[in-house]
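All remarks here apply to the structure that follows.
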Amino acid sequence: MPSIDRHHPVPDDCRTSTESSLPAGALARRLGVAPTTLRSWHQRYGLGPSGHQAGRHRRYTPQDVAVLTVMAQLTARGLSAAEAALQARRQATLQPVDHPAVSHHTQSAARGIARAARRMDVLTLRETLTAAVAAQGVVHTWHTLAGPAFILISRARYSEARRASTRRVLARCLSEVFATVPRPCSGSSVQVLLIAIDEHRDCVALDAVAAALAEDRIASVHLGAGLRPAALADAVGRSRPTVVVVWSHGRHCRGPEILRTLADVSGWRPTVVIAGKGWAPQGTPAVGMVGPCRDLADTVTAVAGLI
């Protein structure tokens, strides 16, 4: 094994790059796939390892791992490798919403959004968020600006009352901006129904899903939160959507009831996409499907998982 010159230690950036990356074998075990599958995904679809040099061992950066995790999840659900690669590559530049933006530029922008929300400066919020959606799209704006801004607000040291009003201001501005994203033209078939279980929260996450689907030219109907089972069954029976997205931010008892209602609608059985932290253990984001797997359902699942 080569020796390290103690008088010339390894630079910090080199140590960080090595220590934060994964070799192919470790990543394959984490994802539950064969190392040859990772090599195939790299050769056929260009999915990691980024920066690989010929003759050296393959090492995957955290960003590579995030993209390949999506790839593995989508192929496990039955999506073709080619389509899964397209969906996985879509989020190649996204950061998880559970962590503040890592680049100096996006971190500064997220702080500015949080400050504007605290000041109730809705004009600045709308202008900033509208420009971000126009330039980078809904999903990227959600991950790099809105999500980190919400986290910064929740960690702020001012009172809970101030944090609550600040979150509400940001959520309402986001909903207004997402509503301006052009929808499919009139006469288009509305195939996706969006509902939320949480009755006392803003449905801004579903507003983001609706806008992101619109960017993909998929029309949806957003019914918000608090819909009673009978009303939900009536809405599904009349609209006959291909997919119903059920969003839950917090864990509570209404989830199974909603799923039973959707399964019992007379004469119609949509694919149900469950999304949000309320469906997963320990508060981790979750997305999954109940019912037949269809191309549209795969697309909706991928979008809901990114939001």
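Letters for chains follow the order of the structure tokens (A, B, ...), residue numbers begin at 1 for each chain, and ligand numbers begin at 1 in the order shown.
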
* To do: Could you tell me, as a PyMOL selection string, which residues of stretch 66-305 of chain A DSSP assigns to helix (DSSP H, G or I) when given the backbone?
  => chain A and resi 66-76+81-90+104-118+122-136+138-155+160-179+204-215+229-239+254-263+277-279+281-283+295-305

* To do: Would you kindly return, as a ChimeraX atom specification, each protein, DNA or RNA residue with an atom no farther than 12 Å from any atom of A:Trp268, considering only C-alpha atoms and excluding same-chain residues fewer than 5 positions away?
  => /A:233-244,261-263,291

Please produce an output containing N, CA, C and O atoms for each residue in the selection, written as a short mmCIF file (atom, residue, chain, number, x, y, z; two decimals), in the first residue's frame.
data_model
loop_
_atom_site.label_atom_id
_atom_site.label_comp_id
_atom_site.auth_asym_id
_atom_site.auth_seq_id
_atom_site.Cartn_x
_atom_site.Cartn_y
_atom_site.Cartn_z
N ALA A 233 -65.89 9.73 -2.02
CA ALA A 233 -66.39 8.66 -2.90
C ALA A 233 -67.21 9.25 -4.04
O ALA A 233 -67.12 8.78 -5.19
N ASP A 234 -68.01 10.26 -3.74
CA ASP A 234 -68.80 10.90 -4.79
C ASP A 234 -67.91 11.56 -5.83
O ASP A 234 -68.14 11.44 -7.04
N ALA A 235 -66.85 12.27 -5.36
CA ALA A 235 -65.94 12.96 -6.29
C ALA A 235 -65.22 11.97 -7.19
O ALA A 235 -65.07 12.20 -8.40
N VAL A 236 -64.77 10.85 -6.61
CA VAL A 236 -64.06 9.84 -7.41
C VAL A 236 -65.03 9.17 -8.39
O VAL A 236 -64.70 8.95 -9.57
N GLY A 237 -66.24 8.86 -7.93
CA GLY A 237 -67.21 8.21 -8.80
C GLY A 237 -67.61 9.07 -9.98
O GLY A 237 -67.85 8.56 -11.08
N ARG A 238 -67.66 10.39 -9.77
CA ARG A 238 -68.07 11.28 -10.87
C ARG A 238 -66.92 11.62 -11.80
O ARG A 238 -67.10 11.70 -13.02
N SER A 239 -65.72 11.84 -11.24
CA SER A 239 -64.59 12.26 -12.08
C SER A 239 -63.81 11.08 -12.67
O SER A 239 -63.12 11.23 -13.67
N ARG A 240 -63.90 9.92 -12.03
CA ARG A 240 -63.21 8.71 -12.48
C ARG A 240 -61.73 8.96 -12.82
O ARG A 240 -61.29 8.72 -13.96
N PRO A 241 -60.95 9.43 -11.86
CA PRO A 241 -59.54 9.70 -12.13
C PRO A 241 -58.73 8.42 -12.28
O PRO A 241 -59.09 7.38 -11.70
N THR A 242 -57.69 8.48 -13.05
CA THR A 242 -56.78 7.34 -13.16
C THR A 242 -55.97 7.18 -11.89
O THR A 242 -55.70 6.06 -11.45
N VAL A 243 -55.57 8.32 -11.28
CA VAL A 243 -54.71 8.31 -10.09
C VAL A 243 -55.31 9.24 -9.04
O VAL A 243 -55.78 10.34 -9.37
N VAL A 244 -55.28 8.81 -7.78
CA VAL A 244 -55.61 9.67 -6.65
C VAL A 244 -54.38 9.77 -5.76
O VAL A 244 -53.84 8.75 -5.33
N THR A 261 -62.11 3.87 1.67
CA THR A 261 -63.11 4.58 0.88
C THR A 261 -62.78 4.51 -0.61
O THR A 261 -63.65 4.23 -1.45
N LEU A 262 -61.51 4.74 -0.95
CA LEU A 262 -61.10 4.71 -2.35
C LEU A 262 -61.22 3.31 -2.94
O LEU A 262 -61.49 3.15 -4.13
N ALA A 263 -60.98 2.30 -2.09
CA ALA A 263 -61.07 0.92 -2.58
C ALA A 263 -62.52 0.47 -2.78
O ALA A 263 -62.77 -0.47 -3.55
N GLY A 291 -52.66 -0.41 -5.92
CA GLY A 291 -53.45 -0.63 -7.13
C GLY A 291 -52.56 -0.94 -8.32
O GLY A 291 -51.34 -1.10 -8.18
#

* **Shortest interatomic distance to A:Ile153 - which of A:Val190, A:Ala114, A:Ala85, A:Val273, counting only C-alpha atoms** => A:Ala114

* Give me the residues within 10 Å of A:Ser154 as a PyMOL selection string, counting only C-alpha atoms and dropping any in the same chain fewer than 5 places off. => chain A and resi 114+148-149+160+163-164+166-167

* Asked: What does the distance from atom CA of A:Arg172 to atom CA of A:Gly147 come to in Å, to one decimal?
  -> 14.0 Å

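Nearest residue to A:Leu27, choosing from A:Ala132, A:Leu47, A:Leu68, A:Leu74 and counting only C-alpha atoms: A:Leu68.
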
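For A:Arg217, the set of protein, DNA and RNA residues having any atom at most 10 Å away, when counting only C-alpha atoms and skipping those fewer than 5 positions along the same chain, is Pro182, Arg183, Pro184, Cys185, Ser188, Ala211 and Ala212 of chain A.
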
* as a list in words, which residues of stretch 97-292 of chain A does DSSP assign to strand (DSSP E)? -> Val190, Gln191, Val192, Leu193, Leu194, Ile195, Ala196, Ala219, Ser220, Val221, His222, Leu223, Gly224, Ala225, Val243, Val244, Val245, Val246, Trp247, Thr271, Val272, Val273, Ile274, Ala275, Val287, Gly288, Met289 and Val290 of chain A

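Closest approach to A:Arg168 among A:Gly46, A:Cys203, A:Thr144, A:Trp247 is made by A:Cys203 (distances from only C-alpha atoms).
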
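Near A:Gly112, within 10 Å and counting only C-alpha atoms, sit Thr106, Gln107, Ser108, Ala109, Arg115, Ala116, Ala117, Arg118, Thr124, Leu125, Thr128, Leu145 and Ala149 of chain A; same-chain residues fewer than 3 positions away were not included.
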
File dump, residues just selected, C-alpha atoms, as a JSON list (two decimals), in the first residue's frame:
[["chain", "number", "residue", "atom", "x", "y", "z"],
["A", 106, "THR", "CA", -29.22, 28.98, -2.76],
["A", 107, "GLN", "CA", -28.61, 29.13, 0.99],
["A", 108, "SER", "CA", -28.50, 32.91, 0.83],
["A", 109, "ALA", "CA", -31.66, 32.99, -1.29],
["A", 115, "ARG", "CA", -36.70, 36.91, 6.22],
["A", 116, "ALA", "CA", -39.25, 38.27, 3.74],
["A", 117, "ALA", "CA", -41.89, 35.89, 5.12],
["A", 118, "ARG", "CA", -41.13, 37.03, 8.66],
["A", 124, "THR", "CA", -40.90, 40.39, -2.51],
["A", 125, "LEU", "CA", -41.88, 36.77, -1.87],
["A", 128, "THR", "CA", -38.69, 36.01, -5.97],
["A", 145, "LEU", "CA", -35.64, 27.56, -1.88],
["A", 149, "ALA", "CA", -36.82, 28.37, 3.94]]

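One distance worth recording is that between atom CA of A:Leu31 and atom CA of A:Arg251, which is 26.8 Å.
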
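Atom CA of A:Gln73 lies 22.4 Å from atom CA of A:Leu259.
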
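You can rank A:Leu193, A:Val303, A:Thr69, A:Lys277 by their closest distance to A:Trp142 using only C-alpha atoms, and at the top of that list sits A:Val303.
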